[in-house]
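Peer 1: Below is the file model_17.pdb, with PDB, C-alpha atoms.
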MODEL        1
ATOM      1  CA  MET A   1       3.592   9.944 -26.196
ATOM      2  CA  GLU A   2       5.914  10.517 -23.285
ATOM      3  CA  MET A   3       2.929  10.592 -20.973
ATOM      4  CA  PHE A   4       1.704   7.293 -22.409
ATOM      5  CA  LEU A   5       5.129   5.755 -21.809
ATOM      6  CA  GLY A   6       4.871   6.912 -18.193
ATOM      7  CA  TYR A   7       1.716   4.842 -17.792
ATOM      8  CA  VAL A   8       3.360   1.792 -19.367
ATOM      9  CA  LYS A   9       6.271   2.084 -16.917
ATOM     10  CA  ALA A  10       3.934   2.600 -13.947
ATOM     11  CA  PHE A  11       1.946  -0.448 -15.033
ATOM     12  CA  ALA A  12       5.044  -2.620 -15.477
ATOM     13  CA  ILE A  13       6.832  -1.709 -12.234
ATOM     14  CA  GLY A  14       3.635  -1.555 -10.167
ATOM     15  CA  GLY A  15       2.645  -4.942 -11.536
ATOM     16  CA  LEU A  16       6.095  -6.321 -10.815
ATOM     17  CA  VAL A  17       6.027  -5.127  -7.179
ATOM     18  CA  CYS A  18       2.634  -6.780  -6.674
ATOM     19  CA  MET A  19       3.824  -9.934  -8.376
ATOM     20  CA  ILE A  20       6.794 -10.178  -5.986
ATOM     21  CA  ALA A  21       4.304  -9.901  -3.117
ATOM     22  CA  GLN A  22       2.221 -12.665  -4.674
ATOM     23  CA  ILE A  23       5.281 -14.926  -4.982
ATOM     24  CA  LEU A  24       5.927 -14.375  -1.254
ATOM     25  CA  ILE A  25       2.273 -15.145  -0.460
ATOM     26  CA  ASN A  26       2.351 -18.332  -2.528
ATOM     27  CA  LYS A  27       5.679 -19.558  -1.160
ATOM     28  CA  THR A  28       5.449 -18.572   2.513
ATOM     29  CA  LYS A  29       1.691 -18.187   3.206
ATOM     30  CA  MET A  30       2.386 -14.746   4.685
ATOM     31  CA  THR A  31      -0.648 -12.776   5.813
ATOM     32  CA  SER A  32      -1.434  -9.409   4.315
ATOM     33  CA  ALA A  33      -0.318  -7.553   7.472
ATOM     34  CA  ARG A  34       3.175  -9.033   7.176
ATOM     35  CA  ILE A  35       3.319  -8.300   3.456
ATOM     36  CA  LEU A  36       2.278  -4.678   3.986
ATOM     37  CA  VAL A  37       4.794  -4.128   6.801
ATOM     38  CA  MET A  38       7.550  -5.720   4.730
ATOM     39  CA  PHE A  39       6.905  -3.550   1.683
ATOM     40  CA  LEU A  40       6.571  -0.446   3.856
ATOM     41  CA  LEU A  41      10.002  -1.157   5.351
ATOM     42  CA  LEU A  42      11.350  -1.852   1.862
ATOM     43  CA  GLY A  43      10.220   1.646   0.854
ATOM     44  CA  VAL A  44      11.854   3.100   3.989
ATOM     45  CA  PHE A  45      15.083   1.275   3.209
ATOM     46  CA  LEU A  46      15.159   2.282  -0.470
ATOM     47  CA  GLU A  47      14.584   5.923   0.482
ATOM     48  CA  LEU A  48      17.249   5.839   3.223
ATOM     49  CA  VAL A  49      19.921   4.478   0.887
ATOM     50  CA  GLY A  50      18.867   6.978  -1.762
ATOM     51  CA  VAL A  51      17.733   4.536  -4.446
ATOM     52  CA  PHE A  52      14.022   5.318  -4.249
ATOM     53  CA  LYS A  53      14.154   8.558  -6.216
ATOM     54  CA  TYR A  54      15.735   6.824  -9.206
ATOM     55  CA  ILE A  55      13.003   4.188  -9.246
ATOM     56  CA  GLU A  56      10.400   6.927  -8.781
ATOM     57  CA  ASN A  57      11.808   8.952 -11.686
ATOM     58  CA  PHE A  58      11.484   5.885 -13.857
ATOM     59  CA  ALA A  59       8.280   4.270 -12.657
ATOM     60  CA  GLY A  60       6.246   7.139 -11.165
ATOM     61  CA  ALA A  61       3.092   5.781  -9.548
ATOM     62  CA  GLY A  62       4.366   2.241 -10.134
ATOM     63  CA  ILE A  63       6.445   2.569  -6.956
ATOM     64  CA  THR A  64       4.598   5.358  -5.088
ATOM     65  CA  ILE A  65       1.100   3.809  -5.144
ATOM     66  CA  PRO A  66       2.280   0.514  -3.598
ATOM     67  CA  ILE A  67       2.834   0.908   0.150
ATOM     68  CA  THR A  68       6.575   1.353  -0.580
ATOM     69  CA  GLY A  69       5.618   4.942  -1.482
ATOM     70  CA  PHE A  70       4.174   5.442   1.999
ATOM     71  CA  GLY A  71       7.483   4.303   3.514
ATOM     72  CA  SER A  72       9.389   6.660   1.279
ATOM     73  CA  THR A  73       7.298   9.743   2.179
ATOM     74  CA  ILE A  74       7.906   9.018   5.880
ATOM     75  CA  VAL A  75      11.676   9.152   5.382
ATOM     76  CA  LYS A  76      11.376  12.229   3.139
ATOM     77  CA  GLY A  77       9.536  13.988   5.969
ATOM     78  CA  ALA A  78      12.148  12.945   8.526
ATOM     79  CA  LYS A  79      14.920  14.225   6.268
ATOM     80  CA  GLU A  80      13.112  17.530   5.815
ATOM     81  CA  GLY A  81      12.580  17.888   9.579
ATOM     82  CA  ALA A  82      16.184  17.015  10.473
ATOM     83  CA  LYS A  83      17.301  20.177   8.662
ATOM     84  CA  ILE A  84      15.335  22.249  11.211
ATOM     85  CA  GLY A  85      16.035  20.562  14.534
ATOM     86  CA  LEU A  86      15.773  17.462  16.703
ATOM     87  CA  PHE A  87      12.055  17.876  17.476
ATOM     88  CA  GLU A  88      11.212  18.246  13.793
ATOM     89  CA  ALA A  89      13.520  15.331  12.897
ATOM     90  CA  VAL A  90      11.512  12.876  15.004
ATOM     91  CA  THR A  91       8.037  14.261  14.215
ATOM     92  CA  TYR A  92       8.006  15.317  10.542
ATOM     93  CA  GLY A  93       7.994  11.728   9.307
ATOM     94  CA  PHE A  94       4.704  11.156  11.085
ATOM     95  CA  ARG A  95       3.467  14.449   9.690
ATOM     96  CA  ASN A  96       3.921  13.009   6.205
ATOM     97  CA  MET A  97       1.865   9.958   7.205
ATOM     98  CA  ALA A  98      -0.933  12.214   8.410
ATOM     99  CA  GLY A  99      -2.769  12.533   5.104
ATOM    100  CA  GLY A 100      -2.954   8.821   4.391
ATOM    101  CA  LEU A 101      -3.748   7.843   7.983
ATOM    102  CA  THR A 102      -6.451  10.475   8.336
ATOM    103  CA  ALA A 103      -8.090   9.314   5.115
ATOM    104  CA  ALA A 104      -7.894   5.624   6.043
ATOM    105  CA  ILE A 105      -9.234   6.095   9.590
ATOM    106  CA  PHE A 106     -11.940   8.595   8.683
ATOM    107  CA  PHE A 107     -13.254   6.681   5.676
ATOM    108  CA  GLY A 108     -12.889   3.436   7.618
ATOM    109  CA  PHE A 109     -15.122   4.790  10.354
ATOM    110  CA  PHE A 110     -17.539   6.397   7.942
ATOM    111  CA  PHE A 111     -17.994   3.449   5.589
ATOM    112  CA  ALA A 112     -18.179   0.924   8.443
ATOM    113  CA  LEU A 113     -21.128   2.916   9.768
ATOM    114  CA  ILE A 114     -23.073   3.075   6.514
ATOM    115  CA  PHE A 115     -22.255  -0.293   4.924
ATOM    116  CA  ARG A 116     -23.192  -3.687   6.310
ATOM    117  CA  SER A 117     -20.516  -6.365   6.362
ATOM    118  CA  HIS A 118     -20.704  -8.703   3.362
ATOM    119  CA  SER A 119     -19.935 -11.712   5.521
ATOM    120  CA  LYS A 120     -17.247 -13.418   3.481
ATOM    121  CA  LYS A 121     -17.082 -16.485   5.688
ATOM    122  CA  ALA A 122     -20.481 -17.685   4.423
TER
ATOM    123  CA  MET B   1      -0.112 -47.639 -10.742
ATOM    124  CA  GLU B   2       0.123 -45.708 -13.988
ATOM    125  CA  ASP B   3      -3.072 -43.994 -13.027
ATOM    126  CA  LYS B   4      -1.653 -42.940  -9.706
ATOM    127  CA  GLN B   5       1.477 -41.533 -11.306
ATOM    128  CA  TYR B   6      -0.627 -39.696 -13.836
ATOM    129  CA  MET B   7      -2.774 -38.200 -11.089
ATOM    130  CA  GLU B   8       0.331 -37.026  -9.288
ATOM    131  CA  TYR B   9       1.626 -35.484 -12.490
ATOM    132  CA  VAL B  10      -1.678 -33.716 -13.104
ATOM    133  CA  HIS B  11      -1.839 -32.479  -9.533
ATOM    134  CA  ALA B  12       1.708 -31.105  -9.606
ATOM    135  CA  ASN B  13       1.053 -29.350 -12.894
ATOM    136  CA  ALA B  14      -2.249 -27.951 -11.718
ATOM    137  CA  GLN B  15      -0.538 -26.425  -8.692
ATOM    138  CA  LYS B  16       2.152 -24.925 -10.869
ATOM    139  CA  SER B  17      -0.362 -23.395 -13.271
ATOM    140  CA  ASN B  18      -2.428 -22.101 -10.339
ATOM    141  CA  HIS B  19       0.725 -20.438  -9.066
ATOM    142  CA  ILE B  20       1.299 -18.768 -12.422
ATOM    143  CA  VAL B  21      -2.341 -17.682 -12.738
ATOM    144  CA  THR B  22      -2.150 -15.901  -9.359
ATOM    145  CA  LEU B  23       1.042 -14.132 -10.479
ATOM    146  CA  VAL B  24      -0.598 -12.906 -13.699
ATOM    147  CA  TRP B  25      -3.628 -11.645 -11.762
ATOM    148  CA  ALA B  26      -1.421  -9.867  -9.203
ATOM    149  CA  PHE B  27       0.612  -8.261 -11.994
ATOM    150  CA  LEU B  28      -2.407  -7.057 -13.989
ATOM    151  CA  VAL B  29      -4.474  -5.755 -11.067
ATOM    152  CA  GLY B  30      -1.453  -4.169  -9.352
ATOM    153  CA  GLY B  31      -0.408  -2.535 -12.615
ATOM    154  CA  ILE B  32      -3.883  -1.171 -13.310
ATOM    155  CA  ILE B  33      -4.232   0.271  -9.781
ATOM    156  CA  CYS B  34      -0.857   2.022 -10.177
ATOM    157  CA  CYS B  35      -1.988   3.442 -13.534
ATOM    158  CA  ILE B  36      -5.146   4.822 -11.901
ATOM    159  CA  GLY B  37      -2.899   6.465  -9.291
ATOM    160  CA  GLN B  38      -0.709   7.881 -12.049
ATOM    161  CA  GLY B  39      -3.874   9.232 -13.698
ATOM    162  CA  PHE B  40      -4.948  11.068 -10.528
ATOM    163  CA  GLY B  41      -1.398  12.403 -10.191
ATOM    164  CA  ASP B  42      -1.500  13.871 -13.707
ATOM    165  CA  LEU B  43      -5.015  15.222 -13.154
ATOM    166  CA  PHE B  44      -4.135  16.976  -9.866
ATOM    167  CA  LYS B  45      -0.888  18.363 -11.318
ATOM    168  CA  PHE B  46      -2.977  19.887 -14.100
ATOM    169  CA  ALA B  47      -5.804  21.105 -11.860
ATOM    170  CA  LEU B  48      -3.631  22.410  -8.983
ATOM    171  CA  PRO B  49      -0.484  23.774 -10.636
ATOM    172  CA  ASP B  50       0.601  25.795  -7.584
ATOM    173  CA  TRP B  51       0.623  22.799  -5.208
ATOM    174  CA  GLU B  52       4.021  21.368  -4.312
ATOM    175  CA  LYS B  53       4.917  17.834  -5.378
ATOM    176  CA  SER B  54       4.676  16.248  -1.932
ATOM    177  CA  LYS B  55       1.186  17.676  -1.367
ATOM    178  CA  ILE B  56       0.004  16.326  -4.729
ATOM    179  CA  ALA B  57       1.429  12.906  -3.779
ATOM    180  CA  ALA B  58      -0.449  12.966  -0.457
ATOM    181  CA  LEU B  59      -3.669  13.977  -2.207
ATOM    182  CA  VAL B  60      -3.269  11.091  -4.676
ATOM    183  CA  SER B  61      -2.778   8.664  -1.749
ATOM    184  CA  MET B  62      -5.870  10.023  -0.029
ATOM    185  CA  THR B  63      -7.939   9.712  -3.203
ATOM    186  CA  MET B  64      -6.814   6.125  -3.698
ATOM    187  CA  ILE B  65      -7.554   5.376  -0.028
ATOM    188  CA  PHE B  66     -11.034   6.848  -0.503
ATOM    189  CA  LEU B  67     -11.617   4.615  -3.535
ATOM    190  CA  GLY B  68     -10.242   1.549  -1.740
ATOM    191  CA  SER B  69     -12.475   2.226   1.274
ATOM    192  CA  PHE B  70     -15.552   2.853  -0.850
ATOM    193  CA  LEU B  71     -15.074  -0.293  -2.943
ATOM    194  CA  THR B  72     -14.501  -2.262   0.272
ATOM    195  CA  GLY B  73     -17.758  -0.850   1.614
ATOM    196  CA  LEU B  74     -19.570  -2.001  -1.505
ATOM    197  CA  GLY B  75     -17.969  -5.441  -1.107
ATOM    198  CA  VAL B  76     -16.230  -5.180  -4.477
ATOM    199  CA  TYR B  77     -12.668  -4.915  -3.222
ATOM    200  CA  ASP B  78     -12.707  -8.163  -1.240
ATOM    201  CA  LYS B  79     -14.078  -9.978  -4.286
ATOM    202  CA  LEU B  80     -11.280  -8.520  -6.375
ATOM    203  CA  GLY B  81      -8.790  -9.465  -3.663
ATOM    204  CA  ALA B  82      -9.816 -13.120  -3.828
ATOM    205  CA  LYS B  83      -8.501 -13.175  -7.406
ATOM    206  CA  ALA B  84      -5.769 -10.559  -7.342
ATOM    207  CA  GLY B  85      -4.008 -11.403  -4.052
ATOM    208  CA  GLY B  86      -0.843  -9.325  -3.871
ATOM    209  CA  GLY B  87      -2.155  -7.087  -6.642
ATOM    210  CA  SER B  88      -4.853  -5.764  -4.341
ATOM    211  CA  ILE B  89      -2.919  -5.951  -1.035
ATOM    212  CA  VAL B  90       0.274  -4.013  -1.787
ATOM    213  CA  PRO B  91      -1.146  -0.830  -3.398
ATOM    214  CA  ILE B  92      -2.295   1.858  -0.936
ATOM    215  CA  THR B  93      -5.900   0.850  -1.725
ATOM    216  CA  GLY B  94      -5.076  -2.454  -0.020
ATOM    217  CA  PHE B  95      -4.056  -0.554   3.112
ATOM    218  CA  ALA B  96      -7.468   1.148   3.031
ATOM    219  CA  ASN B  97      -9.099  -2.242   2.579
ATOM    220  CA  SER B  98      -7.210  -3.602   5.590
ATOM    221  CA  VAL B  99      -8.726  -0.798   7.709
ATOM    222  CA  VAL B 100     -12.298  -0.795   6.404
ATOM    223  CA  SER B 101     -12.795  -4.545   6.095
ATOM    224  CA  PRO B 102     -12.299  -5.424   9.802
ATOM    225  CA  ALA B 103     -14.068  -2.195  10.826
ATOM    226  CA  MET B 104     -17.178  -3.343   8.960
ATOM    227  CA  GLU B 105     -16.909  -6.898  10.161
ATOM    228  CA  PHE B 106     -16.583  -6.031  13.863
ATOM    229  CA  ASN B 107     -19.126  -3.221  13.764
ATOM    230  CA  LYS B 108     -21.670  -5.654  15.214
ATOM    231  CA  GLU B 109     -19.568  -6.023  18.386
ATOM    232  CA  GLY B 110     -20.088  -2.371  19.174
ATOM    233  CA  ILE B 111     -18.790   0.930  17.903
ATOM    234  CA  VAL B 112     -15.978   1.484  20.414
ATOM    235  CA  LEU B 113     -14.594  -1.969  21.191
ATOM    236  CA  GLY B 114     -15.727  -3.534  17.923
ATOM    237  CA  MET B 115     -15.285  -1.157  15.036
ATOM    238  CA  MET B 116     -12.880   1.457  16.381
ATOM    239  CA  ALA B 117     -10.554  -1.053  18.032
ATOM    240  CA  LYS B 118     -10.540  -3.807  15.405
ATOM    241  CA  MET B 119      -9.968  -1.270  12.637
ATOM    242  CA  PHE B 120      -6.269  -1.522  13.497
ATOM    243  CA  VAL B 121      -5.838  -5.290  13.344
ATOM    244  CA  VAL B 122      -3.772  -4.942  10.166
ATOM    245  CA  ALA B 123      -3.217  -1.184  10.078
ATOM    246  CA  GLY B 124      -1.732  -1.171  13.611
ATOM    247  CA  PRO B 125       1.489  -2.973  12.665
ATOM    248  CA  ILE B 126       1.860  -0.629   9.675
ATOM    249  CA  ILE B 127       1.444   2.476  11.833
ATOM    250  CA  VAL B 128       3.938   1.129  14.396
ATOM    251  CA  ALA B 129       6.478   0.188  11.716
ATOM    252  CA  GLY B 130       6.004   3.560  10.028
ATOM    253  CA  THR B 131       6.334   5.577  13.244
ATOM    254  CA  VAL B 132       9.422   3.701  14.429
ATOM    255  CA  SER B 133      11.128   4.080  11.049
ATOM    256  CA  SER B 134      10.157   7.749  11.029
ATOM    257  CA  VAL B 135      11.864   8.408  14.371
ATOM    258  CA  VAL B 136      14.899   6.252  13.563
ATOM    259  CA  SER B 137      15.478   7.825  10.144
ATOM    260  CA  GLY B 138      14.897  11.296  11.600
ATOM    261  CA  LEU B 139      17.583  10.635  14.228
ATOM    262  CA  ILE B 140      19.961   9.300  11.558
ATOM    263  CA  TYR B 141      19.536  12.434   9.426
ATOM    264  CA  TRP B 142      19.834  14.687  12.485
ATOM    265  CA  ILE B 143      23.078  13.023  13.621
ATOM    266  CA  ILE B 144      24.476  13.182  10.086
ATOM    267  CA  GLY B 145      23.507  16.856  10.071
ATOM    268  CA  LEU B 146      25.594  17.487  13.212
ATOM    269  CA  PHE B 147      28.766  16.562  11.353
ATOM    270  CA  ASN B 148      28.053  18.705   8.313
TER
ENDMDL
END
Taking this structure as input, can you express it in the form of structure tokens?

Peer 2:
Amino acid sequence: MEMFLGYVKAFAIGGLVCMIAQILINKTKMTSARILVMFLLLGVFLELVGVFKYIENFAGAGITIPITGFGSTIVKGAKEGAKIGLFEAVTYGFRNMAGGLTAAIFFGFFFALIFRSHSKKA
Amino acid sequence: MEDKQYMEYVHANAQKSNHIVTLVWAFLVGGIICCIGQGFGDLFKFALPDWEKSKIAALVSMTMIFLGSFLTGLGVYDKLGAKAGGGSIVPITGFANSVVSPAMEFNKEGIVLGMMAKMFVVAGPIIVAGTVSSVVSGLIYWIIGLFN
């Protein structure tokens, strides 16, 4: 039951985050690059001020699957590294991006090779 | 004249209802994608009990990025995106889509200058924003650490 409730919360908060993005798209005609950067920085900000973990405890994947979660892991890495030294402080954030970036770039390359573009401008 | 007013009324209402329809789509699709992510999280926690939390989270992201890339390759994700808007852009699958979609489109202009370069049309700003915030927040935590 508790697990089921977790999914309801993830659905509700995740949906809400995406709906806020859609409101911005409708009202300002922002492109997806701007939206993604904005929500990434929102995640960075929420993690820096220490609010992110409360939202994450409540919503789980509802806040970590949107790109806000990517922003938050960057700051978590930086925080972790800062405990060790200056070099680690400035590089461990990128280390936390490594998994996602590697996957996106590798699969991007791989799938662009094997799939033909479905020209959407037709 | 009445006709014209009526047409204006209809048009205004149609726009408003279109606006609401896009919000509902974004909410539903975004919510479902997050639930799928939550599902992978629970699955990996069960299957890999000795992995730390941050590693599980990274693995979930990578799985979702794989799915987003694959569905983009099949041409499904862009079709979904036409309806879902923000619901398909903001989740991490949308980040994958923003890499794979231009990579596929510019593949015909050559592997190096087409696909490999244009892959970062949307992802580039995200990587720059992420890297800069990583360094800045690292410096903030390091400086705070000096006083503790």

Peer 1: I'd like the interatomic distance between atom CA of Val60 of chain B and atom CA of Phe11 of chain A, to a tenth of an Å.

Peer 2: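 We find that atom CA of Val60 of chain B and atom CA of Phe11 of chain A lie 16.4 Å from each other.
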
Peer 1: For chain B, report every residue with an atom at most 7 Å from chain A (counting all atoms listed in the file), formatted as an MDAnalysis selection string.

Peer 2: chainID B and resid 23 26:28 30:32 34:35 37:38 58 61:62 65:66 69:70 73 75 85:87 89:92 96 99:100 103:105 107 122 125:126 129:131 134:135 137:139 141:142

Peer 1: Would you mind reading off the distance between atom CA of Ser98 of chain B and atom CA of Ser17 of chain B, one decimal, in Å?

Peer 2: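 Separating atom CA of Ser98 of chain B from atom CA of Ser17 of chain B is a distance of 28.2 Å.
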
Peer 1: If you measure from atom CA of Ala57 of chain B to atom CA of Leu43 of chain B, what distance in Å do you get, rounded to one decimal?

Peer 2: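 Rounded to one decimal, the two atoms are 11.6 Å apart.
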
Peer 1: To test the calculation: enclose all listed atoms of segment 22-39 of chain A in a box whose edges run along x, y and z, add 6 Å on each side, then state centre and edge lengths in Å to one decimal, as JSON.

Peer 2:
{"center_x": 3.1, "center_y": -11.6, "center_z": 1.2, "size_x": 21.0, "size_y": 28.0, "size_z": 24.5}
